[in-house]
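**Q** For reference, the file structure.csv (CSV, C-alpha atoms and all ligand atoms) is included below:
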chain,number,residue,atom,x,y,z
A,1,MET,CA,0.0,0.0,0.0
A,2,THR,CA,1.1,3.5,-0.7
A,3,LEU,CA,0.3,6.2,1.8
A,4,VAL,CA,0.8,9.9,1.4
A,5,LEU,CA,0.8,12.4,4.3
A,6,THR,CA,0.6,16.1,3.6
A,7,ALA,CA,1.0,19.1,6.0
A,8,ALA,CA,2.0,22.7,6.3
A,9,ARG,CA,5.6,22.0,7.5
A,10,HIS,CA,8.0,19.2,8.3
A,11,LEU,CA,11.1,18.6,10.4
A,12,THR,CA,14.2,18.3,8.2
A,13,PRO,CA,17.1,15.9,9.2
A,14,ALA,CA,19.1,18.9,10.2
A,15,GLY,CA,16.4,19.8,12.8
A,16,ARG,CA,14.7,22.8,11.1
A,17,LEU,CA,10.9,23.1,10.8
A,18,ALA,CA,10.6,23.9,7.1
A,19,GLU,CA,7.5,25.9,6.3
A,20,GLY,CA,5.5,25.3,3.1
A,21,ALA,CA,3.1,22.7,1.9
A,22,CYS,CA,4.9,19.4,2.0
A,23,GLY,CA,4.3,15.7,1.8
A,24,VAL,CA,5.8,12.3,2.8
A,25,VAL,CA,5.2,9.2,0.7
A,26,VAL,CA,5.3,5.8,2.3
A,27,ASP,CA,5.8,2.7,0.2
A,28,GLY,CA,5.7,-0.5,2.2
A,29,ASP,CA,7.8,0.1,5.3
A,30,ARG,CA,9.9,2.8,3.8
A,31,ILE,CA,9.8,6.5,3.0
A,32,SER,CA,10.0,6.9,-0.7
A,33,TYR,CA,9.7,10.7,-1.0
A,34,VAL,CA,9.9,13.8,1.2
A,35,GLY,CA,9.3,17.3,-0.1
A,36,ASP,CA,6.8,19.4,-2.0
A,37,ARG,CA,3.1,18.6,-1.5
A,38,ALA,CA,2.1,18.6,-5.2
A,39,ARG,CA,5.1,16.4,-6.1
A,40,ALA,CA,4.4,14.0,-3.2
A,41,LEU,CA,0.8,13.5,-4.5
A,42,ALA,CA,2.1,12.9,-8.0
A,43,VAL,CA,4.7,10.5,-6.8
A,44,ALA,CA,2.1,8.6,-4.7
A,45,GLY,CA,-0.4,8.3,-7.6
A,46,PRO,CA,-4.2,8.4,-7.5
A,47,ASP,CA,-4.6,5.1,-5.7
A,48,ALA,CA,-2.6,6.0,-2.7
A,49,ARG,CA,-4.3,6.6,0.7
A,50,HIS,CA,-4.0,10.3,1.4
A,51,VAL,CA,-4.2,11.8,4.9
A,52,ASP,CA,-4.1,15.6,4.9
A,53,ALA,CA,-3.4,18.0,7.8
A,54,PRO,CA,-3.4,21.4,6.0
A,55,ARG,CA,-2.3,23.3,9.1
A,56,GLY,CA,-0.3,20.4,10.5
A,57,THR,CA,3.2,19.2,11.0
A,58,LEU,CA,5.1,16.1,9.8
A,59,LEU,CA,7.8,14.7,12.2
A,60,PRO,CA,9.9,11.6,12.5
A,61,GLY,CA,8.6,9.4,15.2
A,62,PHE,CA,10.0,9.8,18.7
A,63,VAL,CA,12.5,7.4,20.4
A,64,ASP,CA,12.3,6.5,24.1
A,65,ALA,CA,15.8,5.3,24.9
A,66,HIS,CA,15.0,3.9,28.4
A,67,VAL,CA,11.7,2.1,29.1
A,68,HIS,CA,10.6,-0.7,31.4
A,69,LEU,CA,7.7,-2.3,29.8
A,70,LEU,CA,7.5,-4.9,32.5
A,71,PHE,CA,7.0,-2.3,35.3
A,72,ASP,CA,3.5,-1.0,36.0
A,73,ALA,CA,4.4,2.5,37.2
A,74,GLY,CA,2.4,1.7,40.4
A,75,ASP,CA,3.4,2.0,44.1
A,76,HIS,CA,4.9,-1.5,44.2
A,77,VAL,CA,6.8,-2.1,41.0
A,78,VAL,CA,9.0,-4.9,42.3
A,79,ARG,CA,6.2,-6.8,43.9
A,80,GLY,CA,4.3,-6.5,40.6
A,81,VAL,CA,7.1,-8.1,38.7
A,82,LEU,CA,7.4,-10.9,41.2
A,83,THR,CA,3.8,-11.8,41.8
A,84,GLN,CA,1.9,-11.3,38.5
A,85,ASP,CA,1.6,-14.2,36.1
A,86,ASP,CA,3.1,-14.1,32.7
A,87,ALA,CA,-0.3,-13.6,30.9
A,88,ALA,CA,-0.9,-10.5,33.1
A,89,HIS,CA,2.6,-9.2,32.3
A,90,ARG,CA,2.0,-9.6,28.6
A,91,ARG,CA,-1.2,-7.7,28.8
A,92,GLY,CA,0.5,-4.9,30.7
A,93,ILE,CA,3.4,-4.8,28.1
A,94,ARG,CA,0.9,-4.4,25.3
A,95,GLN,CA,-1.0,-1.6,27.1
A,96,ARG,CA,2.2,0.3,27.9
A,97,LEU,CA,3.2,0.1,24.2
A,98,ALA,CA,-0.2,1.5,23.2
A,99,ASP,CA,0.4,4.4,25.6
A,100,LEU,CA,3.8,5.1,24.2
A,101,LEU,CA,2.4,5.0,20.7
A,102,ALA,CA,-0.2,7.5,21.6
A,103,ALA,CA,2.6,9.9,22.6
A,104,GLY,CA,4.2,9.6,19.2
A,105,VAL,CA,6.9,7.2,20.2
A,106,THR,CA,7.7,4.8,17.4
A,107,THR,CA,10.8,3.1,18.8
A,108,VAL,CA,11.4,2.1,22.4
A,109,ARG,CA,14.5,0.6,24.0
A,110,ASP,CA,13.5,-1.8,26.8
A,111,LEU,CA,16.3,-2.0,29.4
A,112,GLY,CA,14.8,-4.5,31.9
A,113,ASP,CA,13.2,-7.7,30.6
A,114,ARG,CA,12.5,-10.8,32.7
A,115,ASP,CA,12.4,-14.4,31.2
A,116,GLY,CA,12.1,-12.9,27.7
A,117,LEU,CA,8.5,-11.6,28.3
A,118,VAL,CA,9.1,-8.3,26.5
A,119,ALA,CA,11.0,-10.2,23.7
A,120,ALA,CA,7.9,-12.5,23.3
A,121,VAL,CA,5.4,-9.6,23.0
A,122,ARG,CA,7.5,-7.7,20.5
A,123,ALA,CA,7.4,-10.8,18.3
A,124,GLU,CA,3.5,-10.7,18.2
A,125,PRO,CA,2.0,-9.5,14.9
A,126,GLY,CA,0.9,-5.8,14.8
A,127,ILE,CA,2.9,-4.7,17.8
A,128,ALA,CA,3.9,-1.0,17.8
A,129,PRO,CA,6.0,0.9,18.7
A,130,ARG,CA,9.1,-1.1,17.6
A,131,VAL,CA,10.9,-2.6,20.6
A,132,LEU,CA,14.6,-2.9,21.0
A,133,THR,CA,15.5,-5.1,23.9
A,134,ALA,CA,18.4,-5.5,26.3
A,135,ARG,CA,16.9,-8.7,27.7
A,136,GLU,CA,17.8,-9.1,31.5
A,137,PRO,CA,20.2,-6.4,32.8
A,138,LEU,CA,23.5,-7.7,34.1
A,139,THR,CA,23.9,-7.2,37.8
A,140,VAL,CA,25.7,-8.6,40.9
A,141,PRO,CA,24.2,-11.0,43.4
A,142,ASN,CA,21.6,-9.0,45.5
A,143,GLY,CA,22.4,-6.0,43.2
A,144,HIS,CA,20.2,-3.5,41.5
A,145,CYS,CA,17.3,-5.3,39.8
A,146,TRP,CA,18.6,-8.8,40.7
A,147,PHE,CA,15.0,-9.9,40.5
A,148,LEU,CA,14.9,-9.6,36.7
A,149,GLY,CA,17.2,-12.6,36.6
A,150,GLY,CA,20.4,-11.1,35.1
A,151,VAL,CA,22.7,-11.8,38.1
A,152,VAL,CA,26.3,-12.7,37.1
A,153,ALA,CA,27.8,-14.4,40.2
A,154,ASP,CA,31.3,-14.5,38.9
A,155,ARG,CA,33.1,-11.9,36.9
A,156,ARG,CA,34.4,-14.7,34.7
A,157,ASP,CA,30.8,-15.3,33.5
A,158,LEU,CA,30.4,-11.8,32.2
A,159,ARG,CA,31.6,-12.6,28.7
A,160,HIS,CA,29.5,-15.7,28.5
A,161,ARG,CA,26.4,-13.7,29.6
A,162,VAL,CA,26.9,-11.1,26.9
A,163,ARG,CA,27.2,-13.8,24.3
A,164,ALA,CA,24.1,-15.6,25.6
A,165,HIS,CA,22.1,-12.3,25.4
A,166,ALA,CA,23.3,-11.7,21.8
A,167,ASP,CA,22.3,-15.3,20.9
A,168,ALA,CA,18.8,-14.6,22.4
A,169,GLY,CA,18.3,-11.6,20.2
A,170,ALA,CA,19.4,-8.7,22.4
A,171,ASP,CA,19.8,-5.4,20.6
A,172,VAL,CA,21.9,-3.8,23.4
A,173,ILE,CA,23.6,-4.9,26.6
A,174,LYS,CA,22.4,-3.3,29.8
A,175,VAL,CA,24.7,-3.3,32.7
A,176,MET,CA,24.0,-2.1,36.3
A,177,VAL,CA,27.3,-0.3,37.1
A,178,SER,CA,26.0,1.3,40.2
A,179,GLY,CA,23.2,0.7,42.7
A,180,GLY,CA,19.8,2.2,42.2
A,181,HIS,CA,16.6,3.3,44.0
A,182,LEU,CA,14.4,0.3,43.3
A,183,THR,CA,15.7,-2.8,44.9
A,184,PRO,CA,15.4,-3.3,48.7
A,185,GLY,CA,18.6,-4.3,50.3
A,186,SER,CA,20.8,-3.6,47.2
A,187,PRO,CA,23.7,-1.1,47.1
A,188,PRO,CA,22.8,2.6,47.3
A,189,PRO,CA,22.8,4.6,44.0
A,190,TRP,CA,26.2,6.2,44.6
A,191,GLN,CA,27.9,2.9,45.2
A,192,SER,CA,29.6,1.1,42.3
A,193,GLN,CA,28.7,-2.6,41.7
A,194,TRP,CA,31.4,-3.0,39.1
A,195,GLY,CA,34.5,-1.1,38.1
A,196,GLN,CA,36.5,-0.6,34.9
A,197,GLU,CA,37.9,-4.1,34.8
A,198,GLU,CA,34.4,-5.7,34.6
A,199,LEU,CA,33.1,-3.0,32.3
A,200,ARG,CA,36.0,-3.6,29.8
A,201,ILE,CA,35.0,-7.3,29.6
A,202,VAL,CA,31.3,-6.3,28.9
A,203,VAL,CA,32.1,-3.5,26.4
A,204,GLY,CA,34.8,-5.6,24.6
A,205,GLU,CA,32.6,-8.6,24.1
A,206,ALA,CA,29.5,-6.5,23.2
A,207,ARG,CA,31.6,-4.6,20.6
A,208,ARG,CA,32.9,-7.9,19.1
A,209,LEU,CA,29.2,-8.9,18.7
A,210,GLY,CA,28.2,-5.5,17.3
A,211,LEU,CA,26.1,-4.5,20.2
A,212,PRO,CA,26.1,-1.2,22.1
A,213,VAL,CA,26.3,-1.1,25.9
A,214,ALA,CA,23.8,0.9,28.0
A,215,ALA,CA,25.2,1.4,31.4
A,216,HIS,CA,23.0,2.3,34.4
A,217,ALA,CA,25.2,4.7,36.5
A,218,HIS,CA,23.9,7.0,39.2
A,219,GLY,CA,27.2,7.3,41.1
A,220,THR,CA,29.8,9.9,40.0
A,221,GLN,CA,32.5,7.2,40.2
A,222,ALA,CA,30.4,4.8,38.1
A,223,ILE,CA,29.8,7.5,35.5
A,224,ARG,CA,33.6,8.2,35.4
A,225,ASP,CA,34.3,4.5,34.9
A,226,CYS,CA,31.7,4.1,32.1
A,227,VAL,CA,33.1,7.1,30.2
A,228,ARG,CA,36.6,5.9,30.6
A,229,VAL,CA,35.8,2.4,29.2
A,230,GLY,CA,33.6,3.9,26.5
A,231,VAL,CA,30.1,2.6,26.9
A,232,ALA,CA,27.5,3.8,24.3
A,233,THR,CA,25.1,5.5,26.7
A,234,VAL,CA,25.3,6.3,30.4
A,235,GLU,CA,21.8,6.0,31.8
A,236,HIS,CA,20.6,8.3,34.6
A,237,ALA,CA,24.0,10.1,35.2
A,238,SER,CA,22.7,11.6,38.4
A,239,TRP,CA,26.3,12.2,39.8
A,240,SER,CA,25.6,10.7,43.2
A,241,THR,CA,28.2,10.5,46.0
A,242,PRO,CA,27.7,9.7,49.7
A,243,ASP,CA,27.8,13.4,50.3
A,244,GLY,CA,25.2,14.5,47.7
A,245,PRO,CA,25.5,15.1,44.0
A,246,VAL,CA,28.9,16.1,42.6
A,247,LEU,CA,29.3,16.9,38.9
A,248,ASP,CA,32.7,16.1,37.3
A,249,ARG,CA,33.3,18.4,34.4
A,250,ALA,CA,36.4,16.5,33.3
A,251,VAL,CA,34.2,13.5,32.8
A,252,LEU,CA,32.0,15.5,30.5
A,253,THR,CA,35.0,16.6,28.4
A,254,GLU,CA,36.1,13.0,28.1
A,255,ALA,CA,32.5,11.9,27.2
A,256,ALA,CA,32.3,14.5,24.5
A,257,ASP,CA,35.8,13.5,23.1
A,258,LYS,CA,34.9,9.8,23.1
A,259,GLY,CA,31.3,10.1,21.8
A,260,VAL,CA,29.8,8.6,25.0
A,261,ALA,CA,26.2,9.8,25.2
A,262,LEU,CA,24.3,10.6,28.4
A,263,SER,CA,20.7,9.4,28.8
A,264,PRO,CA,19.6,11.3,31.9
A,265,CYS,CA,16.0,9.9,32.0
A,266,VAL,CA,14.3,13.3,31.9
A,267,SER,CA,10.6,12.6,32.5
A,268,GLY,CA,7.5,13.8,34.4
A,269,LEU,CA,9.1,12.3,37.5
A,270,TRP,CA,11.3,15.4,37.6
A,271,ASP,CA,8.3,17.5,38.5
A,272,LEU,CA,7.1,15.3,41.4
A,273,PRO,CA,7.9,16.7,44.9
A,274,ARG,CA,9.9,13.5,45.8
A,275,PHE,CA,12.4,13.9,43.0
A,276,PRO,CA,15.7,14.9,44.6
A,277,HIS,CA,18.1,17.7,43.6
A,278,ARG,CA,16.0,18.9,40.6
A,279,ARG,CA,17.9,22.2,40.2
A,280,PHE,CA,21.2,20.3,40.2
A,281,ARG,CA,20.0,17.7,37.7
A,282,VAL,CA,18.7,20.4,35.2
A,283,ASP,CA,22.1,22.2,35.6
A,284,ALA,CA,24.0,19.0,35.1
A,285,VAL,CA,22.2,18.3,31.7
A,286,ARG,CA,22.9,22.0,30.8
A,287,ALA,CA,26.6,21.4,31.6
A,288,ALA,CA,26.6,18.3,29.4
A,289,VAL,CA,25.2,20.4,26.5
A,290,GLU,CA,27.8,23.1,27.1
A,291,HIS,CA,30.6,20.5,26.9
A,292,GLY,CA,29.2,19.1,23.6
A,293,VAL,CA,28.2,15.7,25.1
A,294,ALA,CA,25.7,13.8,23.0
A,295,LEU,CA,22.3,13.3,24.7
A,296,ALA,CA,19.5,10.8,24.4
A,297,VAL,CA,15.8,11.2,25.4
A,298,GLY,CA,14.6,8.4,27.6
A,299,THR,CA,12.2,8.3,30.5
A,300,ASP,CA,12.7,5.2,32.7
A,301,CYS,CA,8.9,4.8,32.4
A,302,GLY,CA,7.4,2.0,34.4
A,303,LEU,CA,8.9,3.3,37.6
A,304,ARG,CA,6.5,4.6,40.3
A,305,GLY,CA,4.6,7.5,38.8
A,306,VAL,CA,6.5,7.4,35.5
A,307,ARG,CA,3.6,6.7,33.1
A,308,PRO,CA,4.6,5.4,29.6
A,309,GLY,CA,4.0,8.1,27.0
A,310,ARG,CA,2.6,10.8,29.3
A,311,SER,CA,5.9,11.0,31.1
A,312,TYR,CA,7.7,11.3,27.7
A,313,LEU,CA,5.8,14.4,26.7
A,314,ASP,CA,6.1,15.9,30.2
A,315,GLY,CA,9.9,15.2,29.9
A,316,LEU,CA,10.0,17.2,26.6
A,317,ARG,CA,8.7,20.2,28.6
A,318,ILE,CA,11.7,19.8,30.9
A,319,TRP,CA,14.1,19.5,27.9
A,320,ALA,CA,12.6,22.8,26.8
A,321,GLU,CA,13.4,24.3,30.3
A,322,ILE,CA,16.9,22.9,30.0
A,323,GLY,CA,17.3,25.1,26.9
A,324,PHE,CA,16.2,23.3,23.8
A,325,ASP,CA,13.9,25.3,21.4
A,326,VAL,CA,11.0,23.4,19.9
A,327,PRO,CA,12.7,22.3,16.6
A,328,GLY,CA,15.8,21.4,18.7
A,329,LEU,CA,13.9,19.2,21.1
A,330,LEU,CA,12.0,17.5,18.3
A,331,ARG,CA,15.3,16.7,16.7
A,332,LEU,CA,16.7,15.5,20.0
A,333,ALA,CA,13.7,13.2,20.6
A,334,SER,CA,14.0,11.6,17.1
A,335,THR,CA,17.1,12.0,15.0
A,336,ALA,CA,19.7,12.6,17.8
A,337,THR,CA,18.4,9.9,20.1
A,338,ALA,CA,18.2,7.4,17.2
A,339,ARG,CA,21.9,8.3,16.6
A,340,GLN,CA,22.9,7.6,20.3
A,341,LEU,CA,21.2,4.2,20.0
A,342,GLY,CA,23.0,3.4,16.8
A,343,ILE,CA,19.8,3.1,14.7
A,344,ASP,CA,20.0,6.3,12.8
A,345,SER,CA,21.1,4.7,9.6
A,346,TRP,CA,17.6,3.3,9.1
A,347,THR,CA,15.2,5.5,11.3
A,348,GLY,CA,15.0,8.8,13.2
A,349,SER,CA,14.5,11.3,10.4
A,350,LEU,CA,12.2,12.1,7.4
A,351,SER,CA,14.6,10.9,4.7
A,352,THR,CA,14.0,8.9,1.5
A,353,GLY,CA,14.9,5.2,2.1
A,354,LYS,CA,14.5,5.2,5.8
A,355,LYS,CA,11.9,3.3,7.7
A,356,ALA,CA,8.6,5.1,7.6
A,357,ASP,CA,8.3,6.1,11.3
A,358,VAL,CA,6.3,9.2,11.0
A,359,LEU,CA,4.1,11.5,13.1
A,360,LEU,CA,1.4,13.6,11.6
A,361,LEU,CA,0.1,16.4,13.9
A,362,ASP,CA,-2.9,18.6,13.2
A,363,GLY,CA,-1.1,21.7,14.6
A,364,ASP,CA,2.2,23.5,15.0
A,365,PRO,CA,4.2,22.3,18.1
A,366,ARG,CA,5.8,25.8,18.3
A,367,ALA,CA,2.3,26.9,19.6
A,368,GLY,CA,3.0,24.6,22.7
A,369,ILE,CA,4.2,21.1,23.5
A,370,ALA,CA,0.5,20.3,24.1
A,371,GLU,CA,0.2,20.1,20.3
A,372,LEU,CA,2.0,16.8,20.6
A,373,ASP,CA,-0.7,15.3,22.9
A,374,ALA,CA,-3.0,14.0,20.2
A,375,PRO,CA,-1.2,13.1,17.0
A,376,ARG,CA,-3.5,12.6,14.0
A,377,LEU,CA,-1.6,9.6,12.9
A,378,VAL,CA,1.5,7.6,14.0
A,379,VAL,CA,3.2,5.5,11.4
A,380,VAL,CA,5.5,2.7,12.5
A,381,ASP,CA,7.3,0.6,9.9
A,382,GLY,CA,4.9,2.0,7.3
A,383,ARG,CA,1.8,0.9,9.2
A,384,PRO,CA,-0.5,3.8,10.2
A,385,HIS,CA,-2.0,3.9,13.6
A,386,ARG,CA,-4.7,6.2,14.9
A,387,PRO,CA,-3.7,6.3,18.6
A,388,GLU,CA,-6.2,6.7,21.4
A,389,VAL,CA,-5.9,10.1,23.2
A,390,ILE,CA,-3.0,9.8,25.5
A,391,ARG,CA,-3.8,8.7,29.0
A,392,ALA,CA,-2.8,10.7,32.1
B,1,ZN,ZN,15.7,2.0,34.3
If you convert what's in this file into C-alpha cells, what do you get?
**A**
Amino acid sequence: MTLVLTAARHLTPAGRLAEGACGVVVDGDRISYVGDRARALAVAGPDARHVDAPRGTLLPGFVDAHVHLLFDAGDHVVRGVLTQDDAAHRRGIRQRLADLLAAGVTTVRDLGDRDGLVAAVRAEPGIAPRVLTAREPLTVPNGHCWFLGGVVADRRDLRHRVRAHADAGADVIKVMVSGGHLTPGSPPPWQSQWGQEELRIVVGEARRLGLPVAAHAHGTQAIRDCVRVGVATVEHASWSTPDGPVLDRAVLTEAADKGVALSPCVSGLWDLPRFPHRRFRVDAVRAAVEHGVALAVGTDCGLRGVRPGRSYLDGLRIWAEIGFDVPGLLRLASTATARQLGIDSWTGSLSTGKKADVLLLDGDPRAGIAELDAPRLVVVDGRPHRPEVIRA
C-alpha cells in the first residue's frame, strides 16, 4: 500500500521546521519521497491513501531510549514483577506500548526484561512501537534489579552472559554499574557494583558482537568508569556521591571526546515533589550540553509514577526548560536519540529510504508542546495507527 501524508511544515534531518506545503510518501515500510506537496501527491499516484493536515506538521517518530515495559508505574513495582503471572505481564506490556504509541513514540529501548517476556510480546503481529530489547540487565548478586534474573555471580561469567544475550536476540547490553533506587537491600545509588575491569569485559565482548552497551550509573565514580571504558550510553547520570550530587566536568569533556552519550532519563518524575536535587539535575544536563556531550531522550517509564507516553511528553517540557527550542527538542527526541542508540542509519528522520516512522500532527508544536498530545496519525514501519488520546 502507498500512503501519502501532507501538511504545512516538516522537520528536516538537520532539525529545522521547514514551512511550506509538504508531503511524505510511504511505500511498504519505507519513506519513498519527502518534499513538496504537489510532487508528493504525484509520486504517490491516484490510488494512494491520502491523509491531509493542512495546518499540521510532519515529524519523524520519537524514540524513548529507556523504558521498562515490565513495570506497571504503580506503588509496588518490584512486587508486581514478582507476583503477576506471565499472561498479566504480557497484557501490561501491550497496554504500555499502546500508551507510548499515543505519545508519538515509534521506537522504544527496553532496558529490563525478565524471562524474555518483552521479547515475546514484540514478536507478536501488529505490535507497535518497535521494541529494542536488552533482555535481562546484568547485575551482581543481590544487586540493583537482581529480581529480573540477570545476576552474574562470577566476573568470569560476564563474557558468557553477553554472548548468551546476543544469541537470544538482544539489541543492546544493559549493565548495572551502580546501585539504584528500586531494589530493597541492594547497594545505594552512589555505590559502584562493578569497576573498569568488569566494564572492559562487557564492552569488549559486546563490541565484538556488534552491540552497544547501555550502562546504568547514578554514582559519580560509576559514570567516570563508564566514560573511561567507552560505553555507548550512560543511563541516569545523576552524579551521586555519599555526600550528595557532585558533577565532574572533566568526565563531561572526556565523554564529548569519546562520543559517549548521556541518557539522563528526563521525565515527568522530575516534577514530582519527591524527585531529589531537581535544580542540580537540570544544571548537570545543561553542563553536558555546554561540553558538547551527546544526549538521548529516555524516561525510565514504568517506575513509580512514570507513566509510559505521558511522562515522555512531560519530559519534553523539561528538555525545553533545559534550553532546547521546539525544533531542537523535536530533533533531540527523534534524530539525535536514534543516533545515540546506533539506529540512525535506518530510522529517526524524514529521509528517503529510511523506515517510515512518522508522526502527523494537526497543529504546530511551536504553539505549545500540548500540540503533541493527540497526533492525528502515528506511522510505525509504514503501518498507520490512529492512537487513542494519551492517558494521564
Ligand atoms: Zn531504568
**Q** Please find the residues contacting ligand ZN 1 (chain B) at a distance of at most 9 Å between atoms, with all atoms listed in the file counted, and report them as number ranges by chain.
**A** A: 66-68, 110-112, 180, 216, 235-236, 265, 299-303
**Q** Would you compute the distance between atom CA of Leu372 of chain A and atom CA of Val358 of chain A? Give it in Å to one decimal.
**A** 13.0 Å
**Q** Of the candidates A:Asp27, A:Gly35, A:Gly179, A:Phe62, which shows the shortest atom-to-atom distance to Arg331 of chain A, using all atoms listed in the file?
**A**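 Answer, going by the shortest atom-to-atom distance: A:Phe62.
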**Q** May I have the protein, DNA and RNA residues with any atom at most 10 Å from the point (12.2, -5.6, 37.3), counting only C-alpha atoms, written as a list of chain:residue names?
**A**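 Output: A:His68, A:Leu69, A:Leu70, A:Phe71, A:Asp72, A:Val77, A:Val78, A:Arg79, A:Gly80, A:Val81, A:Leu82, A:Leu111, A:Gly112, A:Asp113, A:Arg114, A:Glu136, A:Pro137, A:His144, A:Cys145, A:Trp146, A:Phe147, A:Leu148, A:Gly149, A:Leu182, A:Thr183, A:Gly302, A:Leu303.
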**Q** Which residue out of A:Leu59, A:Leu211, A:Leu350, A:Leu377 has the minimum interatomic distance to Tyr33 of chain A when all atoms listed in the file are used?
**A** A:Leu350
**Q** Just to confirm, what's the straight-line distance from atom CA of Gly92 of chain A to atom CA of Pro184 of chain A in Å (one decimal)?
**A** 23.4 Å
**Q** Which protein, DNA or RNA residues have an atom at most 8 Å from (2.2, -6.0, 24.8), counting only C-alpha atoms? List them as a list of chain:residue names.
**A** A:Arg90, A:Arg91, A:Gly92, A:Ile93, A:Arg94, A:Gln95, A:Arg96, A:Leu97, A:Val118, A:Val121, A:Arg122, A:Ile127
**Q** Just the residues within 7 Å of Ser238 of chain A, please, counting all atoms listed in the file, with nothing from its chain fewer than 3 positions along; format it as a PyMOL selection string.
**A** chain A and resi 218-219+281
**Q** By how many Å are atom CA of Gln191 of chain A and atom CA of Ser178 of chain A apart?
**A**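 Computed distance, atom CA of Gln191 of chain A to atom CA of Ser178 of chain A, equals 5.6 Å.
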